[in-house]
Amino acid sequence: MSGRDRSGDVFDVLRENGPAFLVPAAWIVVAGTVLGAIAEHALFVAHVVMSVLLVAFLVGSWTEMGSGSLRVWRLVILAG
């Protein structure tokens with residue numbers, strides 16, 4: 001094992017790959033609510049959790065989202 005600091009590795013992996021898991025998870029929760037398999041309160045809780053994760057993603061990626069199409073996404077997230 002090298003002496004390299006690995007404290008940011010887990011956050012970086014989650015930040016880079018999280019949206020690929022959160023979007024399908026959101027659709028699954030919504031579909032489950034529409035079908036009656038998931039209670040509306042669970043939908044509310046999922047919405048709150050996903051909103052917190054979205055804000056964490058935005059804060060953690062703020063400087064990287066300063067130009068190009070990522071800047072547009074940063075503005076979309078801020079508008080939402």
# chains A, B, ... in the order shown; residues from 1 in each chain; ligands from 1
call {"tool": "select_by_dssp", "arguments": {"residues": "chain A", "states": "helix (DSSP H, G or I)", "output": "ChimeraX atom specification"}}
result
/A:9-34,40-60,63-65,68-79
call {"tool": "write_last_selection", "arguments": {"atoms": "C-alpha atoms", "output": "compact mmCIF listing (two decimals), in the first residue's frame"}}
result
# COMPACT_ATOMS: atom_id res chain seq x y z
CA ASP A 9 -11.28 8.54 -3.25
CA VAL A 10 -14.63 7.26 -1.96
CA PHE A 11 -16.25 10.69 -2.28
CA ASP A 12 -14.86 11.08 -5.80
CA VAL A 13 -16.23 7.70 -6.88
CA LEU A 14 -19.65 8.45 -5.38
CA ARG A 15 -19.71 11.93 -6.88
CA GLU A 16 -18.79 10.67 -10.34
CA ASN A 17 -21.11 7.64 -10.39
CA GLY A 18 -23.92 8.60 -8.01
CA PRO A 19 -26.20 10.20 -10.59
CA ALA A 20 -26.17 6.99 -12.65
CA PHE A 21 -27.74 5.22 -9.66
CA LEU A 22 -29.91 8.03 -8.29
CA VAL A 23 -31.88 8.68 -11.49
CA PRO A 24 -33.08 5.08 -11.89
CA ALA A 25 -33.72 4.90 -8.13
CA ALA A 26 -35.90 8.00 -8.36
CA TRP A 27 -37.94 6.53 -11.22
CA ILE A 28 -38.33 3.23 -9.37
CA VAL A 29 -39.65 5.01 -6.26
CA VAL A 30 -42.07 7.10 -8.33
CA ALA A 31 -43.30 4.06 -10.27
CA GLY A 32 -43.71 2.13 -7.02
CA THR A 33 -45.77 4.99 -5.57
CA VAL A 34 -47.99 5.18 -8.66
CA GLU A 40 -46.55 8.55 -0.38
CA HIS A 41 -44.63 9.27 2.82
CA ALA A 42 -41.80 7.06 1.53
CA LEU A 43 -41.85 9.07 -1.70
CA PHE A 44 -41.51 12.26 0.36
CA VAL A 45 -38.58 10.80 2.32
CA ALA A 46 -36.89 9.66 -0.89
CA HIS A 47 -37.36 13.15 -2.34
CA VAL A 48 -35.74 14.78 0.70
CA VAL A 49 -32.80 12.34 0.65
CA MET A 50 -32.23 12.80 -3.07
CA SER A 51 -32.44 16.58 -2.72
CA VAL A 52 -29.79 16.53 0.01
CA LEU A 53 -27.57 14.32 -2.16
CA LEU A 54 -28.06 16.67 -5.13
CA VAL A 55 -26.99 19.66 -3.04
CA ALA A 56 -23.96 17.70 -1.78
CA PHE A 57 -23.08 16.85 -5.39
CA LEU A 58 -23.41 20.50 -6.39
CA VAL A 59 -21.25 21.75 -3.53
CA GLY A 60 -18.64 19.04 -4.06
CA THR A 63 -15.42 24.40 -9.17
CA GLU A 64 -15.45 21.62 -11.77
CA MET A 65 -18.81 22.85 -13.06
CA GLY A 68 -19.04 24.43 -20.76
CA SER A 69 -22.05 22.18 -20.49
CA LEU A 70 -21.35 21.51 -16.81
CA ARG A 71 -21.91 25.21 -16.15
CA VAL A 72 -25.36 24.84 -17.70
CA TRP A 73 -26.08 21.87 -15.43
CA ARG A 74 -24.93 23.88 -12.43
CA LEU A 75 -27.42 26.60 -13.38
CA VAL A 76 -30.20 24.03 -13.88
CA ILE A 77 -29.54 22.55 -10.44
CA LEU A 78 -29.52 26.02 -8.88
CA ALA A 79 -32.79 26.90 -10.60
call {"tool": "decode", "arguments": {"residues": "chain A", "atoms": "C-alpha atoms", "output": "CSV table (one decimal), in the first residue's frame"}}
result
chain,number,residue,atom,x,y,z
A,1,MET,CA,0.0,0.0,0.0
A,2,SER,CA,1.4,3.4,-0.9
A,3,GLY,CA,1.7,6.4,1.3
A,4,ARG,CA,-0.8,8.3,-0.8
A,5,ASP,CA,-3.7,10.0,0.9
A,6,ARG,CA,-6.9,8.1,-0.2
A,7,SER,CA,-9.4,10.1,1.9
A,8,GLY,CA,-11.1,11.7,-1.1
A,9,ASP,CA,-11.3,8.5,-3.3
A,10,VAL,CA,-14.6,7.3,-2.0
A,11,PHE,CA,-16.2,10.7,-2.3
A,12,ASP,CA,-14.9,11.1,-5.8
A,13,VAL,CA,-16.2,7.7,-6.9
A,14,LEU,CA,-19.6,8.4,-5.4
A,15,ARG,CA,-19.7,11.9,-6.9
A,16,GLU,CA,-18.8,10.7,-10.3
A,17,ASN,CA,-21.1,7.6,-10.4
A,18,GLY,CA,-23.9,8.6,-8.0
A,19,PRO,CA,-26.2,10.2,-10.6
A,20,ALA,CA,-26.2,7.0,-12.7
A,21,PHE,CA,-27.7,5.2,-9.7
A,22,LEU,CA,-29.9,8.0,-8.3
A,23,VAL,CA,-31.9,8.7,-11.5
A,24,PRO,CA,-33.1,5.1,-11.9
A,25,ALA,CA,-33.7,4.9,-8.1
A,26,ALA,CA,-35.9,8.0,-8.4
A,27,TRP,CA,-37.9,6.5,-11.2
A,28,ILE,CA,-38.3,3.2,-9.4
A,29,VAL,CA,-39.6,5.0,-6.3
A,30,VAL,CA,-42.1,7.1,-8.3
A,31,ALA,CA,-43.3,4.1,-10.3
A,32,GLY,CA,-43.7,2.1,-7.0
A,33,THR,CA,-45.8,5.0,-5.6
A,34,VAL,CA,-48.0,5.2,-8.7
A,35,LEU,CA,-48.5,1.4,-8.5
A,36,GLY,CA,-49.4,1.6,-4.8
A,37,ALA,CA,-46.4,-0.5,-3.7
A,38,ILE,CA,-44.7,2.4,-2.0
A,39,ALA,CA,-46.4,4.8,0.4
A,40,GLU,CA,-46.6,8.5,-0.4
A,41,HIS,CA,-44.6,9.3,2.8
A,42,ALA,CA,-41.8,7.1,1.5
A,43,LEU,CA,-41.8,9.1,-1.7
A,44,PHE,CA,-41.5,12.3,0.4
A,45,VAL,CA,-38.6,10.8,2.3
A,46,ALA,CA,-36.9,9.7,-0.9
A,47,HIS,CA,-37.4,13.1,-2.3
A,48,VAL,CA,-35.7,14.8,0.7
A,49,VAL,CA,-32.8,12.3,0.7
A,50,MET,CA,-32.2,12.8,-3.1
A,51,SER,CA,-32.4,16.6,-2.7
A,52,VAL,CA,-29.8,16.5,0.0
A,53,LEU,CA,-27.6,14.3,-2.2
A,54,LEU,CA,-28.1,16.7,-5.1
A,55,VAL,CA,-27.0,19.7,-3.0
A,56,ALA,CA,-24.0,17.7,-1.8
A,57,PHE,CA,-23.1,16.8,-5.4
A,58,LEU,CA,-23.4,20.5,-6.4
A,59,VAL,CA,-21.3,21.7,-3.5
A,60,GLY,CA,-18.6,19.0,-4.1
A,61,SER,CA,-18.4,19.7,-7.8
A,62,TRP,CA,-18.9,23.5,-7.8
A,63,THR,CA,-15.4,24.4,-9.2
A,64,GLU,CA,-15.4,21.6,-11.8
A,65,MET,CA,-18.8,22.8,-13.1
A,66,GLY,CA,-17.5,26.3,-14.0
A,67,SER,CA,-17.5,26.1,-17.8
A,68,GLY,CA,-19.0,24.4,-20.8
A,69,SER,CA,-22.1,22.2,-20.5
A,70,LEU,CA,-21.3,21.5,-16.8
A,71,ARG,CA,-21.9,25.2,-16.1
A,72,VAL,CA,-25.4,24.8,-17.7
A,73,TRP,CA,-26.1,21.9,-15.4
A,74,ARG,CA,-24.9,23.9,-12.4
A,75,LEU,CA,-27.4,26.6,-13.4
A,76,VAL,CA,-30.2,24.0,-13.9
A,77,ILE,CA,-29.5,22.5,-10.4
A,78,LEU,CA,-29.5,26.0,-8.9
A,79,ALA,CA,-32.8,26.9,-10.6
A,80,GLY,CA,-34.4,23.7,-9.3
